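Structure file work_23.cif; described as mmCIF, C-alpha atoms.
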```cif
data_my_file
#
loop_
_atom_site.label_atom_id
_atom_site.label_comp_id
_atom_site.auth_asym_id
_atom_site.auth_seq_id
_atom_site.Cartn_x
_atom_site.Cartn_y
_atom_site.Cartn_z
CA MET A 1 124.55 104.26 92.15
CA ALA A 2 125.63 100.85 93.44
CA HIS A 3 122.39 100.65 95.41
CA ASP A 4 120.33 101.40 92.27
CA VAL A 5 122.16 98.75 90.25
CA SER A 6 121.63 96.22 93.01
CA LEU A 7 117.94 97.09 93.26
CA ARG A 8 117.53 96.84 89.48
CA HIS A 9 119.19 93.42 89.47
CA ARG A 10 116.92 92.14 92.24
CA LEU A 11 113.76 93.38 90.57
CA CYS A 12 114.84 91.85 87.25
CA LEU A 13 115.21 88.48 88.97
CA ALA A 14 111.73 88.96 90.38
CA HIS A 15 110.47 89.59 86.83
CA VAL A 16 111.98 86.26 85.73
CA GLN A 17 110.16 84.56 88.58
CA ALA A 18 106.91 86.26 87.55
CA ALA A 19 107.28 85.07 83.95
CA LEU A 20 108.03 81.44 84.88
CA TRP A 21 105.29 81.40 87.50
CA SER A 22 102.84 82.76 84.95
CA VAL A 23 103.70 79.97 82.49
CA GLY A 24 103.08 77.35 85.16
CA ASN A 25 99.98 78.98 86.54
CA SER A 26 98.46 79.39 83.06
CA VAL A 27 98.36 75.64 82.46
CA THR A 28 97.59 74.46 86.00
CA SER A 29 94.67 76.67 86.99
CA GLY A 30 91.47 78.19 85.70
CA ALA A 31 89.70 76.68 82.70
CA ILE A 32 91.83 73.54 82.46
CA ILE A 33 90.77 72.48 85.97
CA THR A 34 87.14 73.35 85.23
CA TYR A 35 87.11 71.34 81.98
CA LEU A 36 88.80 68.41 83.73
CA LEU A 37 86.07 68.40 86.38
CA LEU A 38 83.33 68.65 83.76
CA ASP A 39 84.84 65.64 81.95
CA LEU A 40 84.69 63.84 85.30
CA HIS A 41 80.92 64.60 85.31
CA ALA A 42 81.05 66.94 88.28
CA SER A 43 77.73 68.62 89.11
CA GLY A 44 77.34 72.38 89.48
CA MET A 45 77.49 72.08 93.27
CA THR A 46 80.52 69.78 93.15
CA LEU A 47 82.29 72.21 90.85
CA SER A 48 81.38 75.03 93.25
CA TRP A 49 82.89 73.16 96.18
CA ILE A 50 86.14 72.66 94.31
CA LEU A 51 86.23 76.27 93.08
CA ALA A 52 85.34 77.55 96.56
CA ALA A 53 87.66 75.25 98.50
CA SER A 54 90.77 76.69 96.88
CA SER A 55 89.60 80.15 97.95
CA LEU A 56 88.38 79.12 101.39
CA VAL A 57 91.79 77.92 102.50
CA GLY A 58 93.02 81.44 101.74
CA VAL A 59 91.48 82.53 105.04
CA LEU A 60 94.41 80.78 106.68
CA ARG A 61 96.61 83.51 105.20
CA LEU A 62 95.98 85.23 108.52
CA LEU A 63 98.65 82.85 109.84
CA ALA A 64 101.21 84.34 107.46
CA PRO A 65 102.60 87.04 109.82
CA ARG A 66 103.24 84.51 112.59
CA LEU A 67 104.75 81.99 110.18
CA MET A 68 106.91 84.72 108.67
CA ARG A 69 108.35 85.53 112.06
CA ALA A 70 108.82 81.85 112.87
CA SER A 71 110.67 81.22 109.60
CA GLY A 72 112.78 84.37 110.00
CA SER A 73 111.90 86.28 106.82
CA ALA A 74 109.38 86.69 104.02
CA LYS A 75 111.86 84.95 101.69
CA ALA A 76 112.04 81.88 103.91
CA LEU A 77 108.25 81.55 104.14
CA TYR A 78 107.90 82.05 100.39
CA LEU A 79 110.32 79.24 99.60
CA LEU A 80 109.02 76.93 102.35
CA SER A 81 105.46 77.37 101.08
CA SER A 82 106.09 77.34 97.33
CA LEU A 83 108.04 74.09 97.29
CA PRO A 84 105.31 71.94 98.89
CA SER A 85 102.73 73.80 96.80
CA GLY A 86 104.43 72.54 93.64
CA CYS A 87 104.82 69.04 95.06
CA LEU A 88 101.10 68.87 95.91
CA LEU A 89 100.28 69.94 92.36
CA ALA A 90 102.53 67.14 91.13
CA GLY A 91 100.42 64.80 93.25
CA LEU A 92 97.38 66.01 91.35
CA CYS A 93 98.99 64.66 88.18
CA VAL A 94 99.51 61.26 89.81
CA VAL A 95 95.94 60.88 91.05
CA ARG A 96 93.86 60.30 87.94
CA PRO A 97 90.18 59.94 88.88
CA GLN A 98 87.73 58.07 86.68
CA PRO A 99 84.49 59.82 85.69
CA ALA A 100 81.87 59.82 88.46
CA SER A 101 84.35 58.42 91.02
CA GLY A 102 83.30 60.17 94.24
CA GLN A 103 86.22 59.04 96.42
CA GLN A 104 88.84 60.02 93.88
CA LEU A 105 87.15 63.37 93.32
CA SER A 106 87.37 63.93 97.09
CA LEU A 107 91.10 63.19 96.99
CA LEU A 108 91.43 65.60 94.07
CA LEU A 109 89.65 68.24 96.14
CA ALA A 110 91.95 67.65 99.13
CA LEU A 111 95.08 68.03 96.98
CA LEU A 112 93.74 71.24 95.44
CA MET A 113 92.93 72.66 98.89
CA LEU A 114 96.38 71.90 100.31
CA HIS A 115 98.07 73.24 97.18
CA GLN A 116 96.07 76.45 97.39
CA LEU A 117 96.82 76.84 101.10
CA ALA A 118 100.57 76.61 100.48
CA GLU A 119 100.27 78.94 97.48
CA SER A 120 98.26 81.45 99.53
CA LEU A 121 100.92 81.67 102.21
CA ALA A 122 103.60 81.98 99.52
CA GLN A 123 101.79 84.89 97.86
CA VAL A 124 101.44 86.85 101.13
CA ALA A 125 105.16 86.34 101.75
CA LEU A 126 106.03 87.30 98.17
CA TRP A 127 104.03 90.56 98.21
CA THR A 128 105.54 91.47 101.58
CA TRP A 129 109.02 90.74 100.26
CA LEU A 130 108.46 92.74 97.06
CA GLY A 131 106.91 95.58 99.06
CA ASP A 132 110.06 95.80 101.18
CA LEU A 133 112.29 95.74 98.11
CA THR A 134 110.39 98.32 96.05
CA PRO A 135 110.49 102.04 96.95
CA ARG A 136 107.10 103.74 97.02
CA ARG A 137 107.88 105.90 93.98
CA LEU A 138 108.48 102.78 91.85
CA ARG A 139 105.60 100.57 93.02
CA ALA A 140 102.94 101.36 90.43
CA ARG A 141 105.42 101.07 87.54
CA TYR A 142 106.96 97.93 89.00
CA PHE A 143 103.63 96.13 89.48
CA ALA A 144 102.56 97.17 85.98
CA ARG A 145 105.80 95.84 84.48
CA ARG A 146 105.49 92.64 86.48
CA GLN A 147 101.95 92.21 85.17
CA PHE A 148 103.24 92.74 81.61
CA TRP A 149 105.84 89.96 81.87
CA GLN A 150 103.32 87.60 83.40
CA LEU A 151 100.95 88.16 80.50
CA LEU A 152 103.68 88.00 77.84
CA LEU A 153 104.73 84.47 78.84
CA GLY A 154 101.43 83.24 80.22
CA ILE A 155 99.42 83.85 77.05
CA PRO A 156 101.27 81.47 74.66
CA ALA A 157 101.49 78.85 77.41
CA MET A 158 97.74 79.03 77.96
CA LEU A 159 96.95 78.83 74.22
CA LEU A 160 99.28 75.88 73.66
CA GLY A 161 97.79 74.11 76.67
CA GLY A 162 94.25 74.63 75.40
CA ALA A 163 95.14 73.50 71.86
CA PHE A 164 96.82 70.38 73.23
CA VAL A 165 93.80 69.46 75.37
CA ASP A 166 91.34 69.85 72.48
CA TYR A 167 93.60 67.92 70.07
CA TRP A 168 94.13 65.04 72.50
CA ARG A 169 90.41 64.78 73.33
CA ARG A 170 89.47 64.64 69.65
CA ALA A 171 92.28 62.26 68.64
CA TYR A 172 91.57 59.77 71.44
CA SER A 173 87.82 60.26 71.88
CA MET A 174 87.22 56.51 71.46
CA GLU A 175 89.91 55.41 73.91
CA ALA A 176 89.49 54.54 77.60
CA ALA A 177 88.72 57.37 80.00
CA SER A 178 92.13 57.12 81.70
CA TRP A 179 93.83 57.68 78.33
CA ARG A 180 91.55 60.57 77.34
CA LEU A 181 92.21 62.34 80.62
CA LEU A 182 95.93 62.49 79.80
CA ALA A 183 94.87 65.52 77.76
CA TYR A 184 94.79 67.37 81.07
CA TYR A 185 97.52 65.64 83.06
CA ILE A 186 100.32 66.16 80.53
CA PRO A 187 100.03 70.02 80.51
CA LEU A 188 99.47 69.97 84.28
CA SER A 189 102.81 68.17 84.66
CA VAL A 190 104.61 70.70 82.44
CA GLY A 191 103.06 73.61 84.35
CA THR A 192 104.08 72.11 87.69
CA LEU A 193 107.69 71.93 86.51
CA ALA A 194 107.58 75.62 85.48
CA LEU A 195 106.24 76.60 88.92
CA LEU A 196 109.06 74.78 90.67
CA VAL A 197 111.71 76.28 88.36
CA SER A 198 110.33 79.76 89.10
CA LEU A 199 111.76 79.46 92.61
CA VAL A 200 115.34 79.44 91.31
CA PRO A 201 115.63 83.19 90.45
CA MET A 202 114.33 84.14 93.88
CA LEU A 203 117.28 82.40 95.51
CA GLY A 204 119.46 85.26 94.20
CA ILE A 205 117.44 87.95 95.99
CA PRO A 206 118.45 88.58 99.62
CA ALA A 207 115.90 88.38 102.40
CA THR A 208 114.71 91.72 103.75
CA SER A 209 115.26 92.51 107.41
CA PHE A 210 112.46 92.70 109.93
CA ALA A 211 114.05 95.88 111.27
CA THR A 212 112.33 98.88 109.67
CA ALA A 213 111.83 102.56 110.26
CA GLY A 214 108.54 101.74 111.94
CA GLY A 215 110.11 99.54 114.57
CA ASN A 216 111.50 96.04 114.91
CA ARG A 217 109.09 93.48 113.51
CA ALA A 218 110.60 90.65 115.43
CA ASP A 219 109.97 92.40 118.74
CA ARG A 220 106.42 93.54 118.07
CA ASP A 221 103.47 91.75 119.60
CA VAL A 222 102.19 89.25 117.03
CA ALA A 223 98.54 89.47 118.09
CA GLY A 224 98.73 93.25 118.01
CA SER A 225 100.14 93.13 114.51
CA TRP A 226 97.29 90.89 113.37
CA LEU A 227 94.70 93.28 114.79
CA THR A 228 96.21 96.45 113.32
CA PRO A 229 94.41 96.27 109.94
CA TRP A 230 91.07 95.67 111.65
CA ARG A 231 91.51 98.81 113.76
CA ASP A 232 92.33 100.96 110.75
CA ARG A 233 89.02 102.60 109.81
CA GLN A 234 90.28 103.86 106.45
CA PHE A 235 91.59 100.41 105.50
CA LEU A 236 88.34 98.78 106.69
CA ARG A 237 86.50 100.64 103.95
CA LEU A 238 88.83 99.11 101.38
CA LEU A 239 88.24 95.71 103.00
CA LEU A 240 84.48 96.26 102.70
CA PHE A 241 84.84 96.88 98.99
CA ARG A 242 87.07 93.79 98.65
CA ALA A 243 84.43 91.70 100.40
CA TRP A 244 81.68 93.00 98.13
CA PHE A 245 83.85 92.59 95.04
CA SER A 246 84.60 88.96 95.98
CA MET A 247 80.94 88.27 96.74
CA ALA A 248 79.82 89.62 93.36
CA ASN A 249 82.50 87.59 91.56
CA GLY A 250 81.79 84.43 93.54
CA ILE A 251 78.04 84.33 92.91
CA THR A 252 78.64 83.98 89.16
CA GLN A 253 81.84 81.90 89.30
CA THR A 254 80.16 78.54 88.67
CA PRO A 255 77.72 79.73 85.95
CA GLN A 256 80.52 81.53 84.11
CA SER A 257 82.69 78.38 84.26
CA ILE A 258 79.98 76.00 83.03
CA TYR A 259 78.14 78.16 80.48
CA PRO A 260 80.77 78.22 77.66
CA ARG A 261 81.23 74.42 77.73
CA ARG A 262 77.82 72.95 78.49
CA VAL A 263 75.57 75.57 76.87
CA LEU A 264 77.63 77.04 74.03
CA GLY A 265 79.80 73.97 73.38
CA PHE A 266 83.15 75.80 73.36
CA GLY A 267 86.40 73.87 73.49
CA LEU A 268 89.23 74.79 75.83
CA TRP A 269 91.18 76.48 73.01
CA ASP A 270 88.13 78.67 72.21
CA LEU A 271 87.91 79.83 75.79
CA ASN A 272 91.66 80.37 76.09
CA ALA A 273 91.68 82.38 72.84
CA MET A 274 89.10 84.74 74.36
CA ARG A 275 91.10 84.94 77.53
CA THR A 276 94.15 85.76 75.40
CA CYS A 277 92.37 88.76 73.89
CA MET A 278 91.71 89.97 77.43
CA GLN A 279 95.29 89.45 78.54
CA LEU A 280 96.77 91.13 75.46
CA GLY A 281 94.57 94.11 76.20
CA GLN A 282 95.72 94.09 79.81
CA ALA A 283 99.37 93.93 78.72
CA GLY A 284 98.86 96.97 76.51
CA VAL A 285 96.92 98.93 79.11
CA SER A 286 99.13 98.10 82.13
CA PRO A 287 101.73 100.89 81.67
CA TRP A 288 98.98 103.46 81.14
CA MET A 289 97.05 102.14 84.11
CA ALA A 290 100.04 102.70 86.37
CA ARG A 291 100.34 106.30 85.15
CA TRP A 292 96.62 106.92 85.61
CA ILE A 293 96.70 105.56 89.17
CA ASN A 294 99.66 107.78 90.01
CA ARG A 295 98.03 110.82 88.41
CA TYR A 296 94.37 110.46 89.38
CA GLY A 297 94.59 108.26 92.48
CA ASN A 298 93.56 104.71 93.32
CA ARG A 299 89.89 105.43 93.95
CA ARG A 300 88.98 107.26 90.76
CA VAL A 301 90.65 104.78 88.43
CA LEU A 302 89.23 101.69 90.15
CA MET A 303 85.70 103.13 90.10
CA ILE A 304 85.87 103.31 86.31
CA CYS A 305 87.39 99.82 86.07
CA GLN A 306 84.72 98.41 88.37
CA ALA A 307 81.90 99.84 86.24
CA ILE A 308 83.39 98.37 83.05
CA THR A 309 83.89 94.90 84.57
CA ALA A 310 80.29 94.94 85.81
CA GLY A 311 79.10 95.48 82.24
CA SER A 312 80.97 92.39 81.06
CA LEU A 313 78.19 90.13 82.31
CA LEU A 314 75.66 91.79 80.03
CA PHE A 315 77.47 90.18 77.09
CA PHE A 316 76.89 86.75 78.69
CA THR A 317 73.15 87.46 78.85
CA ILE A 318 73.06 88.03 75.07
CA ALA A 319 75.22 85.07 73.99
CA ALA A 320 73.08 81.95 73.45
CA PRO A 321 73.23 78.90 71.16
CA ASP A 322 70.38 80.25 69.01
CA VAL A 323 71.77 83.81 68.78
CA PRO A 324 73.81 84.60 65.63
CA GLY A 325 77.38 85.49 66.53
CA ALA A 326 77.11 84.15 70.09
CA ARG A 327 80.87 83.56 70.06
CA TRP A 328 81.50 87.25 69.38
CA TRP A 329 79.09 88.40 72.08
CA LEU A 330 80.90 86.26 74.62
CA LEU A 331 84.21 87.67 73.39
CA GLY A 332 82.82 91.12 74.19
CA GLY A 333 82.56 90.07 77.83
CA TRP A 334 86.20 89.01 77.89
CA ILE A 335 87.23 92.31 76.28
CA ALA A 336 85.38 94.21 79.01
CA TRP A 337 87.39 92.20 81.55
CA ILE A 338 90.50 94.00 80.34
CA ALA A 339 89.51 96.56 82.97
CA TYR A 340 90.41 94.03 85.68
CA VAL A 341 94.01 95.13 85.18
CA GLY A 342 93.12 98.18 87.26
CA HIS A 343 92.30 95.88 90.19
CA ASN A 344 95.39 93.73 89.61
CA ILE A 345 97.68 96.76 89.83
CA GLY A 346 95.64 99.06 92.05
CA LEU A 347 94.62 96.78 94.93
CA PRO A 348 98.16 95.62 95.90
CA LYS A 349 99.41 99.21 95.60
CA TRP A 350 96.43 100.52 97.58
CA THR A 351 97.11 98.01 100.36
CA LEU A 352 100.76 99.09 100.50
CA ASP A 353 99.65 102.73 100.62
CA PHE A 354 97.67 102.01 103.79
CA ALA A 355 100.04 99.57 105.51
CA PRO A 356 102.83 100.77 107.82
CA PRO A 357 106.07 98.99 106.81
CA GLU A 358 106.17 96.83 109.95
CA ASP A 359 102.56 95.67 109.42
CA ARG A 360 102.58 94.85 105.71
CA PRO A 361 102.20 91.06 106.26
CA ALA A 362 99.14 91.63 108.43
CA TYR A 363 97.52 94.01 105.92
CA PHE A 364 98.05 91.68 102.97
CA ALA A 365 96.87 88.72 105.02
CA ALA A 366 93.69 90.58 106.01
CA MET A 367 92.99 91.63 102.42
CA ASP A 368 93.55 88.14 101.04
CA ALA A 369 91.60 86.41 103.83
CA VAL A 370 88.54 88.63 103.35
CA SER A 371 88.67 88.07 99.61
CA ALA A 372 88.99 84.30 99.98
CA LEU A 373 86.23 83.95 102.58
CA PHE A 374 83.61 85.93 100.67
CA HIS A 375 84.56 84.49 97.29
CA ALA A 376 84.36 80.93 98.61
CA GLY A 377 81.08 81.41 100.45
CA PHE A 378 79.30 82.98 97.51
CA THR A 379 80.79 80.56 95.00
CA LEU A 380 79.06 77.80 96.98
CA ALA A 381 75.89 79.87 97.10
CA GLY A 382 76.06 80.40 93.35
CA GLY A 383 76.51 76.67 92.66
CA TRP A 384 73.61 75.77 94.95
CA LEU A 385 71.38 78.41 93.36
CA LEU A 386 72.23 77.23 89.83
CA ASP A 387 71.42 73.59 90.63
CA THR A 388 68.21 74.65 92.42
CA LEU A 389 67.00 76.72 89.48
CA MET A 390 67.78 73.84 87.11
CA ALA A 391 65.89 71.36 89.31
CA VAL A 392 62.83 73.60 89.56
CA GLY A 393 62.57 73.71 85.78
CA SER A 394 63.52 70.08 85.14
CA ALA A 395 60.31 69.50 83.16
CA ARG A 396 61.52 72.02 80.58
CA PRO A 397 65.33 71.80 80.87
CA ALA A 398 66.28 74.03 77.93
CA ARG A 399 64.07 76.92 79.07
CA ALA A 400 65.04 76.45 82.73
CA SER A 401 68.73 76.48 81.81
CA ARG A 402 68.42 79.76 79.92
CA PHE A 403 66.40 81.37 82.73
CA ALA A 404 68.85 80.21 85.42
CA TYR A 405 71.89 81.63 83.67
CA LEU A 406 70.14 84.90 82.75
CA LEU A 407 69.01 85.43 86.33
CA MET A 408 72.46 84.84 87.78
CA PHE A 409 74.29 86.94 85.20
CA HIS A 410 71.94 89.88 85.80
CA ALA A 411 72.36 89.52 89.57
CA GLY A 412 76.15 89.52 89.16
CA PHE A 413 75.97 92.65 87.02
CA ALA A 414 73.91 94.53 89.65
CA LEU A 415 76.15 93.47 92.54
CA ARG A 416 79.36 94.48 90.73
CA LEU A 417 77.88 97.83 89.75
CA LEU A 418 77.03 98.60 93.40
CA GLY A 419 80.73 98.14 94.20
CA VAL A 420 81.37 101.49 92.50
CA LEU A 421 79.44 103.21 95.30
CA LEU A 422 81.53 101.48 97.97
CA LEU A 423 84.74 102.69 96.32
CA ARG A 424 83.62 106.31 96.67
CA ARG A 425 84.08 106.07 100.46
CA VAL A 426 87.65 104.73 100.39
CA ALA A 427 90.57 107.11 100.89
CA ASN A 428 93.43 107.02 98.38
CA GLY A 429 95.91 106.01 101.10
CA ARG A 430 98.27 107.58 103.60
CA GLN A 431 100.72 109.57 101.52
CA SER A 432 103.30 109.88 104.30
CA LEU A 433 104.19 106.17 104.25
CA PRO A 434 107.54 105.23 102.63
#
```
Output the file's structure as structure tokens, nothing else.
Amino acid sequence: MAHDVSLRHRLCLAHVQAALWSVGNSVTSGAIITYLLLDLHASGMTLSWILAASSLVGVLRLLAPRLMRASGSAKALYLLSSLPSGCLLAGLCVVRPQPASGQQLSLLLALLMLHQLAESLAQVALWTWLGDLTPRRLRARYFARRQFWQLLLGIPAMLLGGAFVDYWRRAYSMEAASWRLLAYYIPLSVGTLALLVSLVPMLGIPATSFATAGGNRADRDVAGSWLTPWRDRQFLRLLLFRAWFSMANGITQTPQSIYPRRVLGFGLWDLNAMRTCMQLGQAGVSPWMARWINRYGNRRVLMICQAITAGSLLFFTIAAPDVPGARWWLLGGWIAWIAYVGHNIGLPKWTLDFAPPEDRPAYFAAMDAVSALFHAGFTLAGGWLLDTLMAVGSARPARASRFAYLLMFHAGFALRLLGVLLLRRVANGRQSLP
């Protein structure tokens, strides 16, 4: 009984961390960064580099197992990575580039890359730490509940941030650029503070030992641990799907980010309101998703979720400035993305189901590195392709713009749909693992 109470207390503290982190992450990532870059007159390729760079540094997550051993525990690496991550984000609020300033945009890119690198290492450590703390029988329910708290606090933070940005930009539209850009830097500062405060609850959770039923982690060969996921044929099939999934998402990352602002003329609040509908749906579906995964298995549930998320891009192909109700068609795409909650819950659980306890850092590092590498590479490819298609049709820009976006959205739909076939070959996991 004492053990259960202690476990419940630790997991509750982790929920507090998840809620605070979600508040900070909601106003320091995603659309607010994209809109800031667009106000700095970044091109499609420049935006792709910045979107891809934050993913590309995730490949260095492969260093996480070694760094975890060097620091002594997953807790130590999490704290040592999260603190500089927040400080680098604070630096982003200090550097305030002027529109079309190439050198300052490069500095902005460097800060984002270093921040993402630190955050990537922190996330590998955090998932390893939570995996050690959470018994197998509780994992699906725990990850679902964690997702719920992240959405519950992240949604109002995101909406308030978007409303503030749009209000400030309208109210000070005639002021100097440095003053207008405060619309972004004020919420970024608040979000950075929330990310740093989110570390406090984790101080009350003890570090987990490297000694496990599978052997002593500290005594195992580090290189051998790194190679273990790549020798696991069943896990390699899951990695193949993750690579394809990231490729399909990356190829449309830049068009999806630019289209609502430059083509449809949506403000940040408009986009965040649509995202809120998605997140509210995910919050409602999360408990059911955990039950479905436990009842029907990882593979079957994620195949359905993958098919639904593929269809989301068809709504983007319909929404256009001259189409009545374009706003509602685009909202349909965000509603279809509710199905991503299956990936958010299922993929971490699936990785844990494959990973022996002593090799969890290596398995999560492999999964995250593959995702980051393919997402970054194809985000760059997508940005280059978008700019190329626009340049080819420069004589008729409106028609070329519509054709470019339609082509890329249809390609993204086809690639995501093919991911369903890859999932059919992945085993549900090794049920004998603790």
- [ ] Any chance you could resolve the PyMOL selection byres ((chain A and resi 330) around 12) against this file and give the residues as a PyMOL selection string?
- [x] chain A and resi 256+259-260+264+266+270-271+273-275+277-278+312-321+323-329+331-337
Kindly export the residues of the current selection with C-alpha atoms, as an mmCIF file, in the coordinates of the input.
```cif
data_model
loop_
_atom_site.group_PDB
_atom_site.id
_atom_site.type_symbol
_atom_site.label_atom_id
_atom_site.label_comp_id
_atom_site.auth_asym_id
_atom_site.auth_seq_id
_atom_site.Cartn_x
_atom_site.Cartn_y
_atom_site.Cartn_z
ATOM 1 C CA GLN A 256 80.520 81.530 84.110
ATOM 2 C CA TYR A 259 78.140 78.160 80.480
ATOM 3 C CA PRO A 260 80.770 78.220 77.660
ATOM 4 C CA LEU A 264 77.630 77.040 74.030
ATOM 5 C CA PHE A 266 83.150 75.800 73.360
ATOM 6 C CA ASP A 270 88.130 78.670 72.210
ATOM 7 C CA LEU A 271 87.910 79.830 75.790
ATOM 8 C CA ALA A 273 91.680 82.380 72.840
ATOM 9 C CA MET A 274 89.100 84.740 74.360
ATOM 10 C CA ARG A 275 91.100 84.940 77.530
ATOM 11 C CA CYS A 277 92.370 88.760 73.890
ATOM 12 C CA MET A 278 91.710 89.970 77.430
ATOM 13 C CA SER A 312 80.970 92.390 81.060
ATOM 14 C CA LEU A 313 78.190 90.130 82.310
ATOM 15 C CA LEU A 314 75.660 91.790 80.030
ATOM 16 C CA PHE A 315 77.470 90.180 77.090
ATOM 17 C CA PHE A 316 76.890 86.750 78.690
ATOM 18 C CA THR A 317 73.150 87.460 78.850
ATOM 19 C CA ILE A 318 73.060 88.030 75.070
ATOM 20 C CA ALA A 319 75.220 85.070 73.990
ATOM 21 C CA ALA A 320 73.080 81.950 73.450
ATOM 22 C CA PRO A 321 73.230 78.900 71.160
ATOM 23 C CA VAL A 323 71.770 83.810 68.780
ATOM 24 C CA PRO A 324 73.810 84.600 65.630
ATOM 25 C CA GLY A 325 77.380 85.490 66.530
ATOM 26 C CA ALA A 326 77.110 84.150 70.090
ATOM 27 C CA ARG A 327 80.870 83.560 70.060
ATOM 28 C CA TRP A 328 81.500 87.250 69.380
ATOM 29 C CA TRP A 329 79.090 88.400 72.080
ATOM 30 C CA LEU A 331 84.210 87.670 73.390
ATOM 31 C CA GLY A 332 82.820 91.120 74.190
ATOM 32 C CA GLY A 333 82.560 90.070 77.830
ATOM 33 C CA TRP A 334 86.200 89.010 77.890
ATOM 34 C CA ILE A 335 87.230 92.310 76.280
ATOM 35 C CA ALA A 336 85.380 94.210 79.010
ATOM 36 C CA TRP A 337 87.390 92.200 81.550
#
```
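Distances from A:Leu380, A:Leu196, A:Val370, A:Ile293 to A:Ala144 were compared using all atoms listed in the file, and the smallest one belongs to A:Ile293.
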TODO: Might you pull out every residue within 6 Å of A:Ser85, with all atoms listed in the file counted and same-chain residues fewer than 6 positions away left off, and present them as a list in words?
DONE: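 The residues that qualify are His115, Ala118 and Glu119 of chain A.
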Go ahead and dump the residues you just picked, C-alpha atoms, as a PDB file, keeping the file's coordinate frame.
```
ATOM      1  CA  HIS A 115      98.070  73.240  97.180  1.00  0.00           C
ATOM      2  CA  ALA A 118     100.570  76.610 100.480  1.00  0.00           C
ATOM      3  CA  GLU A 119     100.270  78.940  97.480  1.00  0.00           C
TER       4      GLU A 119
END
```
Open item on the list: as a list in words, please: the residues near A:Asn294 (cut-off 10 Å, only C-alpha atoms, same-chain neighbours under 5 positions excluded).
Closed with: Arg137, Arg139, Ala140, Arg141, Trp288, Met289, Val301 and Gly346 of chain A
Save out the residues we just selected, C-alpha atoms, as a short mmCIF file (atom, residue, chain, number, x, y, z; two decimals), in the frame of the given file.
```
data_model
loop_
_atom_site.label_atom_id
_atom_site.label_comp_id
_atom_site.auth_asym_id
_atom_site.auth_seq_id
_atom_site.Cartn_x
_atom_site.Cartn_y
_atom_site.Cartn_z
CA ARG A 137 107.88 105.90 93.98
CA ARG A 139 105.60 100.57 93.02
CA ALA A 140 102.94 101.36 90.43
CA ARG A 141 105.42 101.07 87.54
CA TRP A 288 98.98 103.46 81.14
CA MET A 289 97.05 102.14 84.11
CA VAL A 301 90.65 104.78 88.43
CA GLY A 346 95.64 99.06 92.05
#
```
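Among the candidate residues A:Leu238, A:Leu193, A:Val200, A:Gly131, the one lying nearest to A:Cys87 is A:Leu193, with distances computed using all atoms listed in the file.
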TODO: Do a neighbour search on A:His15 at 8 Å with all atoms listed in the file, toss out local chain neighbours closer than 4 positions, and write the hits as a list of chain:residue names.
DONE: A:Leu11, A:Ala19, A:Arg146, A:Trp149
- [ ] Return the single residue from A:Pro255, A:Gly72, A:Gly250, A:Pro287 that is closest to A:Arg402, with distances computed using all atoms listed in the file.
- [x] A:Pro255
- [ ] Expand the PyMOL selection byres ((chain A and resi 272) around 12) into the individual residues it matches in the shown file, reporting them as a PyMOL selection string.
- [x] chain A and resi 26-27+29-32+35+154-166+260+266-271+273-280+331+334
Task: For atom CA of A:Ala90 and atom CA of A:Leu114, the interatomic separation in Å (one decimal) - done: 12.0 Å
Task: Answer key for the PyMOL selection byres ((chain A and resi 84) around 12), residues as JSON, numbers by chain - done: {"A": [77, 78, 79, 80, 81, 82, 83, 85, 86, 87, 88, 89, 90, 91, 111, 114, 115, 116, 117, 118, 119, 120, 121, 122, 192, 195, 196, 199]}
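Using only C-alpha atoms for every distance, the candidate list A:Phe364, A:Tyr185, A:Phe403, A:Phe409 yields A:Phe364 as the residue closest to A:Leu63.
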Open item on the list: Just checking: using only C-alpha atoms, which residue out of A:Leu151, A:Ala194, A:Leu40, A:Leu239 ends up closest to A:Arg180?
Closed with: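 Of all the options, A:Leu40 lies closest to A:Arg180.
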Task: Close residues, A:Leu422 itself excluded, 8 Å, all atoms listed in the file, min 4 positions apart in chain, as a PyMOL selection string - done: chain A and resi 237+240-241+418+426
Task: Option closest in space to A:His9, from A:Ala411, A:Leu373, A:Leu133, A:Leu352 [counting all atoms listed in the file] - done: A:Leu133
Task: Distance in Å - atom CA of A:Ile308 versus atom CA of A:Leu386 - done: 24.8 Å
Task: Atomic distance atom CA of A:Leu423 - atom CA of A:Asn298, expressed in Å with one decimal - done: 9.5 Å
- [ ] Pick out the residues sitting within 10 Å of A:Ile258, and hand them over as a VMD selection string; count all atoms listed in the file, and ignore anything fewer than 6 positions along from it in its own chain.
- [x] chain A and resid 31 34 to 35 38 43 to 44 47 264 to 265 405
